[in-house]
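Trainee: Have a peek at run09.cif (mmCIF, C-alpha atoms and all ligand atoms; chains and numbers go by the auth columns).
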data_upload
#
loop_
_atom_site.group_PDB
_atom_site.id
_atom_site.type_symbol
_atom_site.label_atom_id
_atom_site.label_comp_id
_atom_site.label_asym_id
_atom_site.label_seq_id
_atom_site.Cartn_x
_atom_site.Cartn_y
_atom_site.Cartn_z
_atom_site.B_iso_or_equiv
_atom_site.auth_seq_id
_atom_site.auth_asym_id
ATOM 1 C CA MET A 1 7.527 11.869 13.932 0.00 1 J
ATOM 2 C CA VAL A 2 6.438 11.421 17.549 0.00 2 J
ATOM 3 C CA PHE A 3 2.847 12.472 18.121 0.00 3 J
ATOM 4 C CA ASP A 4 2.263 13.805 21.630 0.00 4 J
ATOM 5 C CA LEU A 5 -1.264 12.829 22.596 0.00 5 J
ATOM 6 C CA LYS A 6 -1.428 13.777 26.259 0.00 6 J
ATOM 7 C CA GLU A 7 -3.793 16.727 25.799 0.00 7 J
ATOM 8 C CA VAL A 8 -6.047 14.646 23.523 0.00 8 J
ATOM 9 C CA PHE A 9 -6.334 11.822 26.041 0.00 9 J
ATOM 10 C CA GLU A 10 -6.944 14.191 28.945 0.00 10 J
ATOM 11 C CA ARG A 11 -9.920 16.112 27.609 0.00 11 J
ATOM 12 C CA ASP A 12 -13.143 14.931 26.010 0.00 12 J
ATOM 13 C CA GLY A 13 -13.632 16.799 22.732 0.00 13 J
ATOM 14 C CA ALA A 14 -9.952 17.559 22.212 0.00 14 J
ATOM 15 C CA ALA A 15 -8.326 17.108 18.814 0.00 15 J
ATOM 16 C CA LYS A 16 -4.852 17.592 17.456 0.00 16 J
ATOM 17 C CA THR A 17 -3.445 17.464 13.944 0.00 17 J
ATOM 18 C CA VAL A 18 0.095 17.185 12.651 0.00 18 J
ATOM 19 C CA SER A 19 1.317 17.143 9.064 0.00 19 J
ATOM 20 C CA PHE A 20 4.690 15.861 8.024 0.00 20 J
ATOM 21 C CA GLU A 21 6.662 14.233 5.259 0.00 21 J
ATOM 22 C CA LEU A 22 7.732 10.641 5.666 0.00 22 J
ATOM 23 C CA ALA A 23 10.870 9.624 3.782 0.00 23 J
ATOM 24 C CA ILE A 24 10.098 6.371 2.010 0.00 24 J
ATOM 25 C CA SER A 25 12.124 6.647 -1.181 0.00 25 J
ATOM 26 C CA ASP A 26 14.816 4.241 0.065 0.00 26 J
ATOM 27 C CA ILE A 27 12.314 1.415 0.523 0.00 27 J
ATOM 28 C CA GLU A 28 12.892 -1.476 -1.829 0.00 28 J
ATOM 29 C CA LEU A 29 9.964 -3.589 -3.024 0.00 29 J
ATOM 30 C CA ASP A 30 10.105 -6.390 -5.587 0.00 30 J
ATOM 31 C CA SER A 31 13.698 -5.371 -6.437 0.00 31 J
ATOM 32 C CA GLY A 32 12.675 -1.821 -7.294 0.00 32 J
ATOM 33 C CA TYR A 33 12.258 1.514 -5.537 0.00 33 J
ATOM 34 C CA PRO A 34 8.578 2.344 -6.066 0.00 34 J
ATOM 35 C CA PHE A 35 8.474 5.532 -3.981 0.00 35 J
ATOM 36 C CA SER A 36 10.213 8.413 -5.684 0.00 36 J
ATOM 37 C CA THR A 37 9.033 11.130 -3.294 0.00 37 J
ATOM 38 C CA PRO A 38 8.321 11.351 0.442 0.00 38 J
ATOM 39 C CA ALA A 39 4.795 10.518 1.585 0.00 39 J
ATOM 40 C CA GLN A 40 2.663 13.471 2.704 0.00 40 J
ATOM 41 C CA VAL A 41 1.007 12.529 5.964 0.00 41 J
ATOM 42 C CA THR A 42 -1.689 14.271 7.970 0.00 42 J
ATOM 43 C CA ALA A 43 -2.470 12.685 11.312 0.00 43 J
ATOM 44 C CA THR A 44 -5.423 13.742 13.431 0.00 44 J
ATOM 45 C CA ALA A 45 -6.190 12.386 16.866 0.00 45 J
ATOM 46 C CA SER A 46 -9.518 13.180 18.458 0.00 46 J
ATOM 47 C CA ASN A 47 -11.175 12.343 21.722 0.00 47 J
ATOM 48 C CA LYS A 48 -14.907 11.733 21.580 0.00 48 J
ATOM 49 C CA THR A 49 -16.508 10.733 24.875 0.00 49 J
ATOM 50 C CA GLY A 50 -13.200 9.359 26.058 0.00 50 J
ATOM 51 C CA ILE A 51 -12.550 7.278 22.946 0.00 51 J
ATOM 52 C CA VAL A 52 -9.422 8.394 21.121 0.00 52 J
ATOM 53 C CA ARG A 53 -9.149 7.730 17.410 0.00 53 J
ATOM 54 C CA LEU A 54 -6.307 8.420 15.042 0.00 54 J
ATOM 55 C CA TYR A 55 -7.033 9.320 11.426 0.00 55 J
ATOM 56 C CA LEU A 56 -4.232 9.169 8.894 0.00 56 J
ATOM 57 C CA ASP A 57 -4.419 10.723 5.451 0.00 57 J
ATOM 58 C CA VAL A 58 -1.506 9.663 3.311 0.00 58 J
ATOM 59 C CA SER A 59 -0.560 10.475 -0.266 0.00 59 J
ATOM 60 C CA PHE A 60 2.513 9.482 -2.233 0.00 60 J
ATOM 61 C CA VAL A 61 3.746 8.909 -5.744 0.00 61 J
ATOM 62 C CA TYR A 62 3.973 5.242 -6.648 0.00 62 J
ATOM 63 C CA ASN A 63 6.085 3.959 -9.536 0.00 63 J
ATOM 64 C CA ARG A 64 5.825 0.382 -10.580 0.00 64 J
ATOM 65 C CA PRO A 65 5.799 -1.511 -13.854 0.00 65 J
ATOM 66 C CA CYS A 66 2.548 -3.079 -15.043 0.00 66 J
ATOM 67 C CA ASP A 67 2.513 -6.750 -13.991 0.00 67 J
ATOM 68 C CA ARG A 68 1.658 -7.854 -17.533 0.00 68 J
ATOM 69 C CA CYS A 69 3.334 -5.519 -20.043 0.00 69 J
ATOM 70 C CA MET A 70 6.109 -4.132 -17.775 0.00 70 J
ATOM 71 C CA LYS A 71 5.337 -0.547 -18.793 0.00 71 J
ATOM 72 C CA GLU A 72 6.501 1.886 -16.078 0.00 72 J
ATOM 73 C CA LEU A 73 3.523 3.536 -14.420 0.00 73 J
ATOM 74 C CA THR A 74 3.413 6.520 -12.097 0.00 74 J
ATOM 75 C CA THR A 75 0.349 6.995 -9.931 0.00 75 J
ATOM 76 C CA THR A 76 -0.514 9.209 -7.008 0.00 76 J
ATOM 77 C CA MET A 77 -1.937 7.033 -4.255 0.00 77 J
ATOM 78 C CA GLU A 78 -4.184 8.459 -1.567 0.00 78 J
ATOM 79 C CA TYR A 79 -5.111 6.384 1.434 0.00 79 J
ATOM 80 C CA SER A 80 -6.954 6.984 4.679 0.00 80 J
ATOM 81 C CA PHE A 81 -6.446 4.871 7.763 0.00 81 J
ATOM 82 C CA GLU A 82 -8.121 4.837 11.123 0.00 82 J
ATOM 83 C CA HIS A 83 -6.874 3.418 14.415 0.00 83 J
ATOM 84 C CA ARG A 84 -8.257 3.302 17.905 0.00 84 J
ATOM 85 C CA LEU A 85 -5.803 4.416 20.571 0.00 85 J
ATOM 86 C CA ILE A 86 -5.861 3.448 24.200 0.00 86 J
ATOM 87 C CA ALA A 87 -3.551 4.368 27.049 0.00 87 J
ATOM 88 C CA SER A 88 -3.109 0.783 28.175 0.00 88 J
ATOM 89 C CA LEU A 89 -4.617 -2.602 27.601 0.00 89 J
ATOM 90 C CA CYS A 90 -6.456 -3.994 30.567 0.00 90 J
ATOM 91 C CA GLY A 91 -7.602 -7.577 30.624 0.00 91 J
ATOM 92 C CA ASP A 92 -7.953 -9.589 27.477 0.00 92 J
ATOM 93 C CA ASP A 93 -8.623 -7.712 24.330 0.00 93 J
ATOM 94 C CA ASP A 94 -9.210 -8.383 20.658 0.00 94 J
ATOM 95 C CA GLY A 95 -5.999 -6.539 19.849 0.00 95 J
ATOM 96 C CA ASP A 96 -7.558 -4.040 17.475 0.00 96 J
ATOM 97 C CA TYR A 97 -6.042 -1.122 19.354 0.00 97 J
ATOM 98 C CA ILE A 98 -2.766 0.700 19.494 0.00 98 J
ATOM 99 C CA GLU A 99 -1.400 1.100 22.964 0.00 99 J
ATOM 100 C CA THR A 100 0.082 4.479 23.888 0.00 100 J
ATOM 101 C CA PRO A 101 1.204 4.063 27.511 0.00 101 J
ATOM 102 C CA ASP A 102 3.147 7.348 27.709 0.00 102 J
ATOM 103 C CA PHE A 103 0.601 9.282 25.593 0.00 103 J
ATOM 104 C CA SER A 104 2.945 9.475 22.652 0.00 104 J
ATOM 105 C CA LEU A 105 2.947 7.554 19.426 0.00 105 J
ATOM 106 C CA GLU A 106 5.722 7.024 16.899 0.00 106 J
ATOM 107 C CA LEU A 107 3.899 7.602 13.615 0.00 107 J
ATOM 108 C CA ASP A 108 6.563 6.710 11.025 0.00 108 J
ATOM 109 C CA GLU A 109 6.454 2.963 11.481 0.00 109 J
ATOM 110 C CA LEU A 110 2.675 2.899 11.769 0.00 110 J
ATOM 111 C CA VAL A 111 2.169 4.895 8.567 0.00 111 J
ATOM 112 C CA LEU A 112 4.695 2.789 6.712 0.00 112 J
ATOM 113 C CA SER A 113 3.102 -0.518 7.705 0.00 113 J
ATOM 114 C CA ASP A 114 -0.349 0.845 6.833 0.00 114 J
ATOM 115 C CA ILE A 115 0.930 1.814 3.368 0.00 115 J
ATOM 116 C CA LEU A 116 2.654 -1.513 2.727 0.00 116 J
ATOM 117 C CA LEU A 117 -0.440 -3.483 3.745 0.00 117 J
ATOM 118 C CA GLU A 118 -2.664 -1.380 1.517 0.00 118 J
ATOM 119 C CA LEU A 119 -0.619 -1.455 -1.696 0.00 119 J
ATOM 120 C CA PRO A 120 -2.325 -3.454 -4.452 0.00 120 J
ATOM 121 C CA LEU A 121 -0.949 -6.953 -4.976 0.00 121 J
ATOM 122 C CA LYS A 122 -1.691 -6.755 -8.647 0.00 122 J
ATOM 123 C CA PHE A 123 -0.807 -3.628 -10.554 0.00 123 J
ATOM 124 C CA LEU A 124 -1.985 -3.252 -14.143 0.00 124 J
ATOM 125 C CA CYS A 125 -1.817 -0.342 -16.564 0.00 125 J
ATOM 126 C CA ASP A 126 -5.328 -1.327 -17.593 0.00 126 J
ATOM 127 C CA GLU A 127 -7.716 -4.125 -16.578 0.00 127 J
ATOM 128 C CA ASP A 128 -7.597 -5.303 -20.195 0.00 128 J
ATOM 129 C CA CYS A 129 -3.826 -5.106 -20.603 0.00 129 J
ATOM 130 C CA LYS A 130 -2.863 -7.747 -23.154 0.00 130 J
ATOM 131 C CA GLY A 131 0.664 -8.143 -21.831 0.00 131 J
ATOM 132 C CA LEU A 132 3.734 -9.229 -23.757 0.00 132 J
ATOM 133 C CA CYS A 133 4.032 -11.971 -26.348 0.00 133 J
ATOM 134 C CA PRO A 134 5.675 -14.912 -24.545 0.00 134 J
ATOM 135 C CA THR A 135 7.720 -15.703 -27.664 0.00 135 J
ATOM 136 C CA CYS A 136 9.114 -12.365 -28.885 0.00 136 J
ATOM 137 C CA GLY A 137 8.315 -10.020 -25.993 0.00 137 J
ATOM 138 C CA HIS A 138 6.337 -7.618 -28.172 0.00 138 J
ATOM 139 C CA ASP A 139 3.847 -5.401 -26.298 0.00 139 J
ATOM 140 C CA LEU A 140 0.535 -6.787 -27.525 0.00 140 J
ATOM 141 C CA ASN A 141 -1.257 -3.547 -26.514 0.00 141 J
ATOM 142 C CA GLU A 142 0.538 -1.909 -29.454 0.00 142 J
ATOM 143 C CA GLY A 143 -0.751 -4.465 -31.920 0.00 143 J
ATOM 144 C CA ASP A 144 -0.230 -8.086 -32.776 0.00 144 J
ATOM 145 C CA CYS A 145 3.126 -9.626 -33.573 0.00 145 J
ATOM 146 C CA SER A 146 3.834 -12.232 -36.231 0.00 146 J
ATOM 147 C CA CYS A 147 4.382 -15.117 -33.822 0.00 147 J
ATOM 148 C CA ASP A 148 2.195 -18.176 -34.234 0.00 148 J
ATOM 149 C CA LYS A 149 0.052 -18.114 -31.090 0.00 149 J
ATOM 150 C CA ARG A 150 -1.096 -21.677 -31.694 0.00 150 J
ATOM 151 C CA THR A 151 2.374 -23.096 -31.131 0.00 151 J
ATOM 152 C CA ILE A 152 2.147 -25.357 -28.135 0.00 152 J
ATOM 153 C CA ASP A 153 5.111 -26.595 -26.197 0.00 153 J
ATOM 154 C CA PRO A 154 5.529 -30.315 -27.090 0.00 154 J
ATOM 155 C CA ARG A 155 5.511 -31.228 -23.383 0.00 155 J
ATOM 156 C CA LEU A 156 2.189 -29.405 -22.940 0.00 156 J
ATOM 157 C CA GLU A 157 0.870 -31.165 -26.023 0.00 157 J
ATOM 158 C CA ALA A 158 1.708 -34.559 -24.440 0.00 158 J
ATOM 159 C CA LEU A 159 -0.007 -33.472 -21.228 0.00 159 J
ATOM 160 C CA LYS A 160 -3.042 -32.336 -23.178 0.00 160 J
ATOM 161 C CA GLN A 161 -3.334 -35.755 -24.776 0.00 161 J
ATOM 162 C CA LEU A 162 -3.118 -37.412 -21.373 0.00 162 J
ATOM 163 C CA LEU A 163 -5.928 -35.225 -20.065 0.00 163 J
ATOM 164 C CA ASP A 164 -8.214 -35.753 -23.072 0.00 164 J
HETATM 165 ZN ZN ZN B . 0.113 -3.335 -18.996 0.00 1 X
HETATM 166 ZN ZN ZN B . 5.502 -12.386 -30.669 0.00 2 X
#
Could you express the structure from this file as structure tokens?
Ligand SMILES: [Zn+2]
Ligand SMILES: [Zn+2]
Mentor:
Amino acid sequence: MVFDLKEVFERDGAAKTVSFELAISDIELDSGYPFSTPAQVTATASNKTGIVRLYLDVSFVYNRPCDRCMKELTTTMEYSFEHRLIASLCGDDDGDYIETPDFSLELDELVLSDILLELPLKFLCDEDCKGLCPTCGHDLNEGDCSCDKRTIDPRLEALKQLLD
């Protein structure tokens, strides 16, 4: 989606909104496809006293297994992003702007990189998820298993003695 921003840049007080769907379901992350539906995107650009800002509201369905118990989770994520747009960079700059020299902006890539940067690194079904038993793989959220949790790997036992 190319966002034409000429009229927004040219007039103080102008604003423009576009809504579109961004196809993201073919994106692979951590050897899975976490996006089962397109992302719904609403982009608004507004000019206030000559300063043009872009507001992005994004929502999408996110599927990913819990990092501890591997249970498949489906969550609707809603994010908002804000960017400052300028027609061209003049002089040195801190780089916190998006340059739009021909008053148009390709939104797909921008939205996608915003989403990927914002996704949580850790994803748990619950803060207190107990995870899986390292011995038998039983989901410890569903109750204890019969494995002896005190069993220590002999190599770790040797290390423990060294550290004591
Ligand atoms: Zn879990
Ligand atoms: Zn077990």
Trainee: Produce as a PyMOL selection string the set of residues near ligand ZN 2 (chain X), where near means within 9 Å with all atoms listed in the file considered.
Mentor: chain J and resi 132-140+144-149
Trainee: I'd like the neighbourhood of Ala39 in chain J as a ChimeraX atom specification, where a residue qualifies if any of its atoms comes within 8 Å (using all atoms listed in the file), though same-chain residues fewer than 5 positions away should be ignored.
Mentor: /J:21-24,58-61
Trainee: I'd like a table as a tab-separated table: residues in chain J with an atom no more than 6 Å from ligand ZN 1 (chain X), each row giving the shortest atom pair and its distance in Å to one decimal, only C-alpha atoms and all ligand atoms counted, sorted by chain and rising residue number.
Mentor:
residue	atom	partner	partner_atom	distance
J:Cys66	CA	X:ZN1	ZN	4.6
J:Arg68	CA	X:ZN1	ZN	5.0
J:Cys69	CA	X:ZN1	ZN	4.0
J:Lys71	CA	X:ZN1	ZN	5.9
J:Leu124	CA	X:ZN1	ZN	5.3
J:Cys125	CA	X:ZN1	ZN	4.3
J:Asp126	CA	X:ZN1	ZN	6.0
J:Cys129	CA	X:ZN1	ZN	4.6
J:Gly131	CA	X:ZN1	ZN	5.6
Trainee: Starting from the PyMOL selection byres (((chain J and resi 79) around 6) and not hetatm), expand the selection into actual residues of this file and give them as a count of residues only.
Mentor: 4
Trainee: Kindly give the distance, in Å, that separates CA of Val52 in chain J and CA of Glu118 in chain J, rounded to a single decimal.
Mentor: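 Spanning CA of Val52 in chain J to CA of Glu118 in chain J is a straight-line distance of 22.9 Å.
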Trainee: CA of Pro120 in chain J and CA of Asn141 in chain J, how far apart in Å?
Mentor: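 If I compute the distance from CA of Asn141 in chain J to CA of Pro120 in chain J, I get 22.1 Å.
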Trainee: Just checking: using only C-alpha atoms, which residue out of J:Tyr55, J:Asp67, J:Lys6, J:Ala43 ends up closest to Glu127 in chain J?
Mentor: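 Checking each of J:Tyr55, J:Asp67, J:Lys6, J:Ala43 against Glu127 in chain J, counting only C-alpha atoms, the winner is J:Asp67.
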Trainee: Considering only C-alpha atoms, state which residue in the set J:Met70, J:Met77, J:Leu54, J:Met1 is at the smallest distance from Thr37 in chain J.
Mentor: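 Result for the nearest residue to Thr37 in chain J: J:Met77.
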Trainee: For CA of Thr42 in chain J and CA of Lys122 in chain J, determine how far apart the two atoms are, in Å to one decimal place.
Mentor: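 Separation between CA of Thr42 in chain J and CA of Lys122 in chain J: 26.8 Å.
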Trainee: On this structure, the PyMOL selection byres (((chain J and resi 17) around 8) and not hetatm) would catch which residues? List them as a PyMOL selection string, sorted by chain and number.
Mentor: chain J and resi 15-16+18-19+42-45
Trainee: If the PyMOL selection byres (((chain J and resi 49) around 10) and not hetatm) were run on this exact file, what residues would it hold? Put them as a ChimeraX atom specification.
Mentor: /J:11-14,46-48,50-52
Trainee: Please, can range 110-134 of chain J be completed to N, CA and C atoms and returned as a CSV table (one decimal), in the frame of the given file?
Mentor:
chain,number,residue,atom,x,y,z
J,110,LEU,N,4.1,3.2,11.9
J,110,LEU,CA,2.7,2.9,11.8
J,110,LEU,C,2.2,3.2,10.4
J,111,VAL,N,2.6,4.5,9.9
J,111,VAL,CA,2.2,4.9,8.6
J,111,VAL,C,2.8,4.0,7.5
J,112,LEU,N,4.0,3.6,7.7
J,112,LEU,CA,4.7,2.8,6.7
J,112,LEU,C,4.0,1.4,6.6
J,113,SER,N,3.7,0.8,7.8
J,113,SER,CA,3.1,-0.5,7.7
J,113,SER,C,1.7,-0.4,7.1
J,114,ASP,N,1.0,0.7,7.4
J,114,ASP,CA,-0.3,0.8,6.8
J,114,ASP,C,-0.2,0.9,5.3
J,115,ILE,N,0.7,1.7,4.8
J,115,ILE,CA,0.9,1.8,3.4
J,115,ILE,C,1.2,0.5,2.7
J,116,LEU,N,2.2,-0.3,3.3
J,116,LEU,CA,2.7,-1.5,2.7
J,116,LEU,C,1.5,-2.6,2.7
J,117,LEU,N,0.7,-2.5,3.7
J,117,LEU,CA,-0.4,-3.5,3.7
J,117,LEU,C,-1.5,-3.1,2.7
J,118,GLU,N,-1.6,-1.9,2.4
J,118,GLU,CA,-2.7,-1.4,1.5
J,118,GLU,C,-2.3,-1.4,0.0
J,119,LEU,N,-1.0,-1.5,-0.3
J,119,LEU,CA,-0.6,-1.5,-1.7
J,119,LEU,C,-1.3,-2.6,-2.5
J,120,PRO,N,-1.7,-2.4,-3.7
J,120,PRO,CA,-2.3,-3.5,-4.5
J,120,PRO,C,-1.3,-4.6,-4.8
J,121,LEU,N,-1.8,-5.8,-4.7
J,121,LEU,CA,-0.9,-7.0,-5.0
J,121,LEU,C,-0.7,-7.0,-6.5
J,122,LYS,N,-1.8,-6.7,-7.2
J,122,LYS,CA,-1.7,-6.8,-8.6
J,122,LYS,C,-1.7,-5.3,-9.2
J,123,PHE,N,-0.9,-5.0,-10.1
J,123,PHE,CA,-0.8,-3.6,-10.6
J,123,PHE,C,-0.8,-3.7,-12.1
J,124,LEU,N,-1.9,-3.2,-12.7
J,124,LEU,CA,-2.0,-3.3,-14.1
J,124,LEU,C,-2.2,-1.9,-14.7
J,125,CYS,N,-1.6,-1.6,-15.9
J,125,CYS,CA,-1.8,-0.3,-16.6
J,125,CYS,C,-3.3,-0.2,-17.0
J,126,ASP,N,-3.9,-1.3,-17.2
J,126,ASP,CA,-5.3,-1.3,-17.6
J,126,ASP,C,-5.9,-2.7,-17.3
J,127,GLU,N,-7.1,-2.8,-16.9
J,127,GLU,CA,-7.7,-4.1,-16.6
J,127,GLU,C,-7.6,-5.1,-17.8
J,128,ASP,N,-7.6,-4.5,-19.0
J,128,ASP,CA,-7.6,-5.3,-20.2
J,128,ASP,C,-6.2,-5.4,-20.8
J,129,CYS,N,-5.2,-5.1,-20.0
J,129,CYS,CA,-3.8,-5.1,-20.6
J,129,CYS,C,-3.6,-6.5,-21.2
J,130,LYS,N,-3.1,-6.5,-22.4
J,130,LYS,CA,-2.9,-7.7,-23.2
J,130,LYS,C,-1.5,-8.4,-22.8
J,131,GLY,N,-0.6,-7.6,-22.2
J,131,GLY,CA,0.7,-8.1,-21.8
J,131,GLY,C,1.6,-8.3,-23.0
J,132,LEU,N,2.7,-9.1,-22.8
J,132,LEU,CA,3.7,-9.2,-23.8
J,132,LEU,C,3.6,-10.6,-24.4
J,133,CYS,N,4.0,-10.7,-25.7
J,133,CYS,CA,4.0,-12.0,-26.3
J,133,CYS,C,5.1,-12.8,-25.7
J,134,PRO,N,4.7,-14.1,-25.2
J,134,PRO,CA,5.7,-14.9,-24.5
J,134,PRO,C,6.8,-15.4,-25.4
